[in-house]
>>> print(open('target.txt').read())   # compact mmCIF, C-alpha atoms
# COMPACT_ATOMS: atom_id res chain seq x y z
CA MET O 65 1.53 12.66 -13.37
CA ALA O 66 -1.79 13.06 -11.57
CA ILE O 67 -1.49 10.47 -8.78
CA MET O 68 1.79 10.98 -6.96
CA ARG O 69 1.47 8.21 -4.37
CA MET O 70 -0.77 6.26 -2.05
CA GLY O 71 -1.28 8.85 0.66
CA TYR O 72 -2.92 6.82 3.39
CA THR O 73 -4.45 3.49 4.36
CA HIS O 74 -7.57 3.52 6.53
CA VAL O 75 -8.28 0.15 8.21
CA ARG O 76 -10.58 -1.23 10.88
CA VAL O 77 -9.21 -2.89 14.00
CA THR O 78 -10.93 -4.87 16.71
CA ASP O 79 -9.17 -3.24 19.65
CA LEU O 80 -7.82 0.29 19.25
CA ALA O 81 -5.47 0.08 22.25
CA GLU O 82 -3.82 -3.11 20.94
CA ALA O 83 -3.55 -1.67 17.44
CA ARG O 84 -2.05 1.56 18.76
CA GLN O 85 0.59 -0.45 20.62
CA HIS O 86 1.48 -2.44 17.51
CA TYR O 87 1.74 0.48 15.12
CA THR O 88 3.45 2.96 17.46
CA GLN O 89 5.75 0.73 19.50
CA THR O 90 6.51 -2.25 17.24
CA MET O 91 6.28 -0.46 13.87
CA GLY O 92 7.53 2.84 15.27
CA LEU O 93 4.93 5.13 13.71
CA ASP O 94 4.15 8.46 15.36
CA GLU O 95 0.64 9.17 16.62
CA VAL O 96 -0.42 12.58 15.33
CA ALA O 97 -4.11 12.72 16.29
CA ALA O 98 -6.86 10.69 17.94
CA THR O 99 -10.65 10.79 18.25
CA ASP O 100 -13.02 8.53 20.19
CA ASN O 101 -12.63 5.64 17.76
CA LYS O 102 -9.77 6.59 15.42
CA VAL O 103 -6.01 7.02 15.65
CA TYR O 104 -3.96 8.83 12.99
CA LEU O 105 -0.32 7.89 12.42
CA LYS O 106 2.64 8.61 10.15
CA GLY O 107 6.20 7.43 9.62
CA TRP O 108 9.25 9.50 10.50
CA ASP O 109 10.06 10.34 6.87
CA GLU O 110 6.56 11.49 5.93
CA TRP O 111 5.52 15.14 5.89
CA ASP O 112 1.77 15.01 5.30
CA HIS O 113 -0.43 14.84 8.40
CA HIS O 114 -0.99 11.07 8.38
CA SER O 115 -0.51 7.92 6.33
CA VAL O 116 -2.37 5.36 8.45
CA VAL O 117 -5.83 5.64 10.03
CA LEU O 118 -6.96 3.00 12.51
CA GLU O 119 -10.69 2.82 13.20
CA GLU O 120 -12.07 0.64 15.98
CA GLY O 121 -14.89 -1.70 15.05
CA GLY O 122 -14.16 -4.75 12.91
CA VAL O 123 -11.32 -5.64 10.58
CA GLY O 124 -10.24 -4.90 7.03
CA LEU O 125 -9.96 -1.95 4.71
CA VAL O 126 -12.15 1.14 4.94
CA LYS O 127 -10.49 3.02 2.07
CA PHE O 128 -7.25 4.17 0.51
CA GLY O 129 -6.28 7.80 0.01
CA PHE O 130 -4.32 8.78 -3.10
CA LYS O 131 -2.66 12.18 -3.34
CA ALA O 132 -2.95 14.03 -6.64
CA GLN O 133 -0.32 16.55 -7.73
CA TYR O 134 -2.70 19.41 -8.64
CA GLU O 135 -6.15 20.49 -7.53
CA ASP O 136 -7.41 20.29 -11.12
CA ASP O 137 -6.44 16.62 -11.22
CA LEU O 138 -9.55 15.74 -9.21
CA ALA O 139 -11.89 16.91 -12.00
CA ASP O 140 -9.79 15.18 -14.64
CA ILE O 141 -9.78 11.87 -12.75
CA GLU O 142 -13.50 12.28 -12.04
CA ASN O 143 -14.24 12.61 -15.76
CA LYS O 144 -12.10 9.58 -16.56
CA ALA O 145 -13.81 7.53 -13.83
CA HIS O 146 -17.24 8.44 -15.20
CA ALA O 147 -16.14 7.52 -18.72
CA PHE O 148 -15.00 4.18 -17.34
CA GLY O 149 -18.39 3.67 -15.70
CA ALA O 150 -17.35 4.10 -12.07
CA THR O 151 -19.51 5.89 -9.50
CA THR O 152 -18.02 8.91 -7.74
CA GLU O 153 -18.95 11.46 -5.09
CA ARG O 154 -17.38 14.61 -3.69
CA ILE O 155 -16.51 14.90 0.00
CA SER O 156 -16.17 18.45 1.33
CA LYS O 157 -12.95 19.77 2.83
CA GLY O 158 -12.69 18.97 6.52
CA GLU O 159 -15.01 15.96 6.56
CA GLU O 160 -11.87 13.82 6.71
CA LEU O 161 -9.41 15.04 9.36
CA GLU O 162 -6.81 17.45 7.90
CA VAL O 163 -7.77 16.54 4.31
CA GLY O 164 -9.11 18.93 1.66
CA GLU O 165 -11.86 18.21 -0.86
CA ILE O 166 -12.01 14.54 -1.83
CA LEU O 167 -13.07 12.72 -4.96
CA ARG O 168 -14.35 9.37 -3.69
CA ILE O 169 -14.39 6.61 -6.30
CA HIS O 170 -16.30 3.35 -6.00
CA THR O 171 -13.90 1.14 -7.91
CA PRO O 172 -14.74 -1.91 -10.05
CA SER O 173 -13.15 -4.05 -7.32
CA GLY O 174 -15.61 -2.77 -4.71
CA HIS O 175 -13.00 -0.70 -2.84
CA LEU O 176 -13.23 2.98 -1.96
CA PHE O 177 -10.44 5.21 -3.29
CA ASP O 178 -10.29 8.80 -2.00
CA VAL O 179 -8.36 11.12 -4.32
CA TYR O 180 -7.29 14.44 -2.82
CA HIS O 181 -4.76 17.17 -3.45
CA GLU O 182 -4.69 18.96 -0.11
CA MET O 183 -3.62 17.55 3.25
CA THR O 184 -2.17 19.44 6.17
CA SER O 185 1.58 19.25 5.62
CA GLY O 186 4.64 19.96 7.72
CA GLN O 187 7.98 18.25 7.62
CA ALA O 188 9.53 14.88 8.23
CA ALA O 189 10.84 14.16 11.73
CA VAL O 190 14.42 14.91 10.67
CA GLY O 191 13.41 18.37 9.44
CA ASN O 192 13.92 20.20 6.16
CA VAL O 193 17.14 22.07 6.96
CA ASN O 194 20.45 20.25 7.53
CA PRO O 195 18.63 17.00 8.39
CA GLU O 196 20.20 13.96 10.01
CA ALA O 197 19.95 10.51 8.41
CA PHE O 198 17.23 9.36 10.82
CA PRO O 199 15.78 10.39 14.21
CA ARG O 200 17.74 9.32 17.28
CA ASP O 201 14.60 8.24 19.13
CA LEU O 202 13.33 5.60 16.69
CA ARG O 203 11.06 2.96 18.22
CA GLY O 204 10.81 -0.65 17.14
CA VAL O 205 11.07 -1.15 13.38
CA GLY O 206 11.20 2.61 12.83
CA ALA O 207 9.22 2.43 9.58
CA PRO O 208 9.86 5.62 7.59
CA ALA O 209 6.76 5.57 5.39
CA LEU O 210 3.80 3.78 3.90
CA ASP O 211 4.83 2.08 0.66
CA HIS O 212 2.12 0.11 -1.18
CA ALA O 213 -0.81 -2.26 -0.85
CA LEU O 214 -2.28 -5.40 -2.41
CA ILE O 215 -6.03 -5.81 -2.88
CA THR O 216 -8.18 -8.51 -4.47
CA ALA O 217 -10.75 -8.24 -7.24
CA GLU O 218 -12.92 -10.72 -9.08
CA ASP O 219 -11.83 -9.24 -12.41
CA CYS O 220 -8.15 -8.35 -12.13
CA GLY O 221 -7.93 -7.28 -15.77
CA LEU O 222 -10.80 -4.82 -15.31
CA MET O 223 -9.04 -3.22 -12.33
CA GLU O 224 -5.84 -3.04 -14.36
CA ARG O 225 -7.67 -1.09 -17.07
CA PHE O 226 -9.32 1.16 -14.48
CA LEU O 227 -6.01 2.08 -12.87
CA HIS O 228 -4.45 2.67 -16.29
CA ASP O 229 -7.30 4.78 -17.66
CA CYS O 230 -8.16 6.78 -14.53
CA PHE O 231 -4.91 6.99 -12.53
CA GLY O 232 -2.37 6.83 -15.34
CA TYR O 233 -0.75 3.72 -13.86
CA TRP O 234 1.26 1.29 -15.94
CA THR O 235 1.80 -2.39 -15.25
CA ALA O 236 5.34 -3.14 -14.13
CA GLU O 237 4.78 -6.88 -13.66
CA LYS O 238 1.92 -9.31 -14.02
CA VAL O 239 0.99 -12.96 -13.63
CA ALA O 240 -0.91 -14.22 -16.67
CA THR O 241 -1.92 -17.53 -18.16
CA SER O 242 -0.25 -16.84 -21.51
CA LEU O 243 2.54 -14.71 -22.91
CA ASP O 244 0.28 -13.78 -25.83
CA PRO O 245 -1.70 -10.64 -24.83
CA ALA O 246 -4.52 -11.70 -27.14
CA ASP O 247 -4.94 -15.01 -25.34
CA GLN O 248 -4.10 -14.33 -21.71
CA HIS O 249 -6.08 -14.23 -18.49
CA THR O 250 -4.64 -11.82 -15.93
CA ILE O 251 -4.24 -13.27 -12.44
CA ALA O 252 -2.32 -10.42 -10.74
CA VAL O 253 -0.76 -7.06 -11.60
CA TRP O 254 1.78 -4.75 -9.94
CA MET O 255 1.15 -1.15 -11.03
CA THR O 256 2.76 2.26 -10.54
CA ALA O 257 2.91 5.80 -11.90
CA THR O 258 6.41 6.65 -10.65
CA THR O 259 9.82 5.00 -10.41
CA GLN O 260 8.52 3.19 -7.29
CA ILE O 261 8.24 -0.40 -8.51
CA HIS O 262 4.60 -0.67 -7.39
CA GLN O 263 2.12 1.56 -5.63
CA LEU O 264 -0.81 -0.84 -5.85
CA ALA O 265 -1.05 -4.53 -6.71
CA VAL O 266 -4.24 -6.38 -7.58
CA LEU O 267 -4.75 -10.13 -7.22
CA GLU O 268 -7.66 -12.14 -8.58
CA GLY O 269 -9.94 -12.98 -5.66
CA PRO O 270 -13.01 -11.80 -3.73
CA GLN O 271 -14.29 -8.27 -4.17
CA SER O 272 -13.46 -5.51 -1.67
CA LYS O 273 -10.78 -7.39 0.24
CA LEU O 274 -7.36 -6.34 1.54
CA HIS O 275 -4.43 -8.72 1.29
CA HIS O 276 -1.85 -6.42 2.90
CA PHE O 277 -0.46 -2.93 3.17
CA ALA O 278 3.27 -2.36 3.38
CA PHE O 279 5.80 -0.07 4.99
CA ARG O 280 9.02 0.91 3.27
CA LEU O 281 12.44 0.15 4.72
CA GLU O 282 15.73 1.23 3.17
CA GLU O 283 18.02 -1.79 3.53
CA GLY O 284 17.66 -5.55 3.39
CA TRP O 285 19.20 -6.01 6.85
CA GLU O 286 16.38 -3.88 8.28
CA VAL O 287 13.89 -6.48 7.07
CA THR O 288 15.70 -9.19 9.05
CA ARG O 289 15.91 -6.91 12.08
CA ALA O 290 12.16 -6.26 11.79
CA ALA O 291 11.48 -9.99 11.87
CA ASP O 292 13.56 -10.27 15.06
CA LEU O 293 11.51 -7.47 16.64
CA PHE O 294 8.27 -9.20 15.65
CA SER O 295 9.43 -12.30 17.51
CA MET O 296 10.34 -10.18 20.53
CA ASP O 297 6.87 -8.58 20.51
CA ASP O 298 4.98 -11.81 19.71
CA VAL O 299 3.75 -10.48 16.37
CA PRO O 300 2.53 -13.36 14.19
CA ILE O 301 4.81 -13.72 11.15
CA ASP O 302 3.20 -15.04 7.99
CA VAL O 303 6.23 -15.39 5.69
CA GLY O 304 9.84 -14.29 5.67
CA PRO O 305 12.34 -12.81 5.81
CA THR O 306 12.74 -13.61 2.12
CA ARG O 307 12.91 -12.05 -1.32
CA HIS O 308 10.25 -11.61 -3.97
CA GLY O 309 10.91 -12.71 -7.52
CA ILE O 310 8.33 -10.13 -8.56
CA THR O 311 9.82 -6.64 -7.86
CA ARG O 312 12.99 -8.26 -6.34
CA GLY O 313 12.10 -6.66 -3.00
CA LYS O 314 13.05 -8.13 0.36
CA THR O 315 10.11 -8.80 2.64
CA VAL O 316 8.48 -10.01 5.82
CA TYR O 317 4.70 -10.47 6.05
CA PHE O 318 3.02 -10.37 9.46
CA PHE O 319 -0.31 -9.59 11.13
CA ASP O 320 -1.46 -6.72 13.30
CA PRO O 321 -3.49 -7.61 16.44
CA ALA O 322 -6.77 -7.44 14.48
CA GLY O 323 -5.54 -9.81 11.78
CA ASN O 324 -4.82 -7.27 9.06
CA ARG O 325 -1.73 -8.40 7.16
CA ASN O 326 1.20 -5.95 7.09
CA GLU O 327 4.50 -6.09 5.22
CA VAL O 328 7.89 -4.45 5.49
CA PHE O 329 9.50 -4.07 2.09
CA ALA O 330 12.99 -3.00 1.04
CA GLY O 331 14.69 -2.69 -2.32
CA GLY O 332 13.11 -3.54 -5.62
CA TYR O 333 14.20 -2.12 -8.93
CA LEU O 334 13.18 1.19 -10.50
CA SER O 335 10.24 1.34 -12.87
CA PHE O 336 9.83 3.60 -15.91
CA PRO O 337 7.01 3.90 -18.46
CA ASP O 338 9.22 2.57 -21.25
CA ARG O 339 10.61 -0.41 -19.32
CA PRO O 340 9.25 -3.66 -20.80
CA MET O 341 6.62 -5.27 -18.59
CA VAL O 342 7.66 -8.48 -16.81
CA THR O 343 5.27 -11.41 -17.15
CA TRP O 344 5.23 -14.49 -14.89
CA THR O 345 3.34 -17.68 -15.66
CA PRO O 346 1.28 -19.60 -13.05
CA ASP O 347 3.60 -22.61 -13.05
CA VAL O 348 6.33 -20.53 -11.34
CA LEU O 349 4.03 -18.45 -9.12
CA GLY O 350 5.67 -19.77 -5.93
CA LYS O 351 9.09 -18.57 -7.07
CA ALA O 352 7.60 -15.30 -8.32
CA ILE O 353 6.19 -14.48 -4.88
CA PHE O 354 8.76 -16.15 -2.61
CA TYR O 355 11.99 -16.47 -4.55
CA HIS O 356 13.83 -18.69 -2.06
CA ALA O 357 11.22 -21.20 -0.84
CA ARG O 358 9.48 -21.21 -4.25
CA GLU O 359 6.13 -22.12 -2.74
CA LEU O 360 3.12 -20.36 -1.23
CA ASN O 361 1.69 -21.22 2.16
CA GLU O 362 -2.07 -21.62 2.55
CA ARG O 363 -2.43 -18.54 4.79
CA PHE O 364 -0.87 -16.30 2.17
CA THR O 365 -3.38 -17.27 -0.49
CA THR O 366 -6.52 -17.47 1.64
CA VAL O 367 -6.33 -14.99 4.56
CA LEU O 368 -7.86 -11.66 3.53
CA THR O 369 -9.54 -8.90 5.54
>>> encode(input="target.txt", output="structure tokens")
Amino acid sequence: MAIMRMGYTHVRVTDLAEARQHYTQTMGLDEVAATDNKVYLKGWDEWDHHSVVLEEGGVGLVKFGFKAQYEDDLADIENKAHAFGATTERISKGEELEVGEILRIHTPSGHLFDVYHEMTSGQAAVGNVNPEAFPRDLRGVGAPALDHALITAEDCGLMERFLHDCFGYWTAEKVATSLDPADQHTIAVWMTATTQIHQLAVLEGPQSKLHHFAFRLEEGWEVTRAADLFSMDDVPIDVGPTRHGITRGKTVYFFDPAGNRNEVFAGGYLSFPDRPMVTWTPDVLGKAIFYHARELNERFTTVLT
């Protein structure tokens, strides 16, 4: 297992003060560092230095960081990326705040993926010895951790092969035009390398775009509570609360002040390498995404950053 998890999301925002308010007060993340144009945040159940980077100046994704289990994994992934035909570069330790040496990959989808092994680490807010269930001073949603993201790519099948060959991901679920692998066009994939049902999803669409990044919650009722808090704080809700057919997770989609789509996600089943892949066909895509309403709204399919 080379890639353990998505370590951080780095996004652009139009107004850093507004974004800071959203992510610290509404989402309940902790601010751990700040520079002139960046804020670094993490959830209460995360131990590495940060999991979200906000950079003032625009909107959309800058890059994702993926944490590898061992230092030697960087060279192994680098070789696999080169064999796949992807361009890479090395970023020296310290060039990214509190992060060690980085393997930066220019992916077939046009996104930047930073693979690293070392990040300044401490402990979750509840501590490592005789911890409580959660901190008493939670703010807003009280999101414990970053969970996953969805990006778009012109060739979804190519990105699926890249993530399989270079990151060791397998496809837990997919949307495809046919049940016959020899005669199918892949529209979307949900991929992982752990029991987490998905670490990264890819949807057919424009290159280099972000659909959303998501924060993990533990219980379904917390998703409903989050939606209530979004209404209290005038956060624009896109869809939900509802359940996904794909992954079975409970969800609310909403927008940060810059227009980047966020999600809170709870539940979902466990994934294993030997579990048969689930395939959905386009005629039931509405139910696959939003299990209750069984239809997609126009914003959900067209708004990307």
>>> closest_atom_pairs(input="target.txt", of="range 306-352 of chain O", to="range 213-236 of chain O", cutoff="10 Å", atoms="all atoms listed in the file", output="JSON lines")
{"residue": "O:Ile310", "atom": "CA", "partner": "O:Ala236", "partner_atom": "CA", "distance": 9.4}
{"residue": "O:Thr311", "atom": "CA", "partner": "O:Ala236", "partner_atom": "CA", "distance": 8.5}
{"residue": "O:Asn326", "atom": "CA", "partner": "O:Ala213", "partner_atom": "CA", "distance": 9.0}
{"residue": "O:Glu327", "atom": "CA", "partner": "O:Ala213", "partner_atom": "CA", "distance": 8.9}
{"residue": "O:Leu334", "atom": "CA", "partner": "O:Ala236", "partner_atom": "CA", "distance": 9.7}
{"residue": "O:Ser335", "atom": "CA", "partner": "O:Ala236", "partner_atom": "CA", "distance": 6.8}
{"residue": "O:Phe336", "atom": "CA", "partner": "O:Ala236", "partner_atom": "CA", "distance": 8.3}
{"residue": "O:Pro337", "atom": "CA", "partner": "O:Trp234", "partner_atom": "CA", "distance": 6.8}
{"residue": "O:Asp338", "atom": "CA", "partner": "O:Trp234", "partner_atom": "CA", "distance": 9.7}
{"residue": "O:Arg339", "atom": "CA", "partner": "O:Ala236", "partner_atom": "CA", "distance": 7.9}
{"residue": "O:Pro340", "atom": "CA", "partner": "O:Ala236", "partner_atom": "CA", "distance": 7.7}
{"residue": "O:Met341", "atom": "CA", "partner": "O:Ala236", "partner_atom": "CA", "distance": 5.1}
{"residue": "O:Val342", "atom": "CA", "partner": "O:Ala236", "partner_atom": "CA", "distance": 6.4}
{"residue": "O:Thr343", "atom": "CA", "partner": "O:Ala236", "partner_atom": "CA", "distance": 8.8}
>>> write_last_selection(input="target.txt", atoms="C-alpha atoms", output="mmCIF file, in the coordinates of the input")
data_model
loop_
_atom_site.group_PDB
_atom_site.id
_atom_site.type_symbol
_atom_site.label_atom_id
_atom_site.label_comp_id
_atom_site.auth_asym_id
_atom_site.auth_seq_id
_atom_site.Cartn_x
_atom_site.Cartn_y
_atom_site.Cartn_z
ATOM 1 C CA ILE O 310 8.330 -10.130 -8.560
ATOM 2 C CA THR O 311 9.820 -6.640 -7.860
ATOM 3 C CA ASN O 326 1.200 -5.950 7.090
ATOM 4 C CA GLU O 327 4.500 -6.090 5.220
ATOM 5 C CA LEU O 334 13.180 1.190 -10.500
ATOM 6 C CA SER O 335 10.240 1.340 -12.870
ATOM 7 C CA PHE O 336 9.830 3.600 -15.910
ATOM 8 C CA PRO O 337 7.010 3.900 -18.460
ATOM 9 C CA ASP O 338 9.220 2.570 -21.250
ATOM 10 C CA ARG O 339 10.610 -0.410 -19.320
ATOM 11 C CA PRO O 340 9.250 -3.660 -20.800
ATOM 12 C CA MET O 341 6.620 -5.270 -18.590
ATOM 13 C CA VAL O 342 7.660 -8.480 -16.810
ATOM 14 C CA THR O 343 5.270 -11.410 -17.150
#
>>> closest_atom_pairs(input="target.txt", of="range 328-369 of chain O", to="range 114-131 of chain O", cutoff="12 Å", atoms="all atoms listed in the file", output="tab-separated table")
residue	atom	partner	partner_atom	distance
O:Val367	CA	O:Gly124	CA	11.1
O:Leu368	CA	O:Gly124	CA	8.0
O:Thr369	CA	O:Gly124	CA	4.3
>>> atom_distance(input="target.txt", atom1="CA of Tyr333 in chain O", atom2="CA of Val316 in chain O")
17.7 Å
>>> closest_atom_pairs(input="target.txt", of="range 79-109 of chain O", to="range 193-208 of chain O", cutoff="6 Å", atoms="all atoms listed in the file", output="Markdown table")
| residue | atom | partner | partner_atom | distance |
| --- | --- | --- | --- | --- |
| O:Gln89 | CA | O:Gly204 | CA | 5.8 |
| O:Thr90 | CA | O:Gly204 | CA | 4.6 |
| O:Met91 | CA | O:Val205 | CA | 4.9 |
| O:Gly92 | CA | O:Gly206 | CA | 4.4 |
| O:Gly107 | CA | O:Pro208 | CA | 4.6 |
| O:Trp108 | CA | O:Pro208 | CA | 4.9 |
| O:Asp109 | CA | O:Pro208 | CA | 4.8 |
>>> write_last_selection(input="target.txt", atoms="C-alpha atoms", output="PDB file, in the frame of the given file")
ATOM      1  CA  GLN O  89       5.750   0.730  19.500  1.00  0.00           C
ATOM      2  CA  THR O  90       6.510  -2.250  17.240  1.00  0.00           C
ATOM      3  CA  MET O  91       6.280  -0.460  13.870  1.00  0.00           C
ATOM      4  CA  GLY O  92       7.530   2.840  15.270  1.00  0.00           C
ATOM      5  CA  GLY O 107       6.200   7.430   9.620  1.00  0.00           C
ATOM      6  CA  TRP O 108       9.250   9.500  10.500  1.00  0.00           C
ATOM      7  CA  ASP O 109      10.060  10.340   6.870  1.00  0.00           C
TER       8      ASP O 109
END
>>> closest_residue(input="target.txt", among="O:Tyr72, O:Tyr180, O:Tyr104, O:Tyr355", to="Ala139 in chain O", atoms="all atoms listed in the file")
O:Tyr180
>>> closest_residue(input="target.txt", among="O:Leu210, O:Met68, O:Val253, O:Val299", to="Glu82 in chain O", atoms="all atoms listed in the file")
O:Val299
>>> closest_residue(input="target.txt", among="O:Met296, O:Leu93, O:Leu349, O:Met70", to="Gln260 in chain O", atoms="all atoms listed in the file")
O:Met70
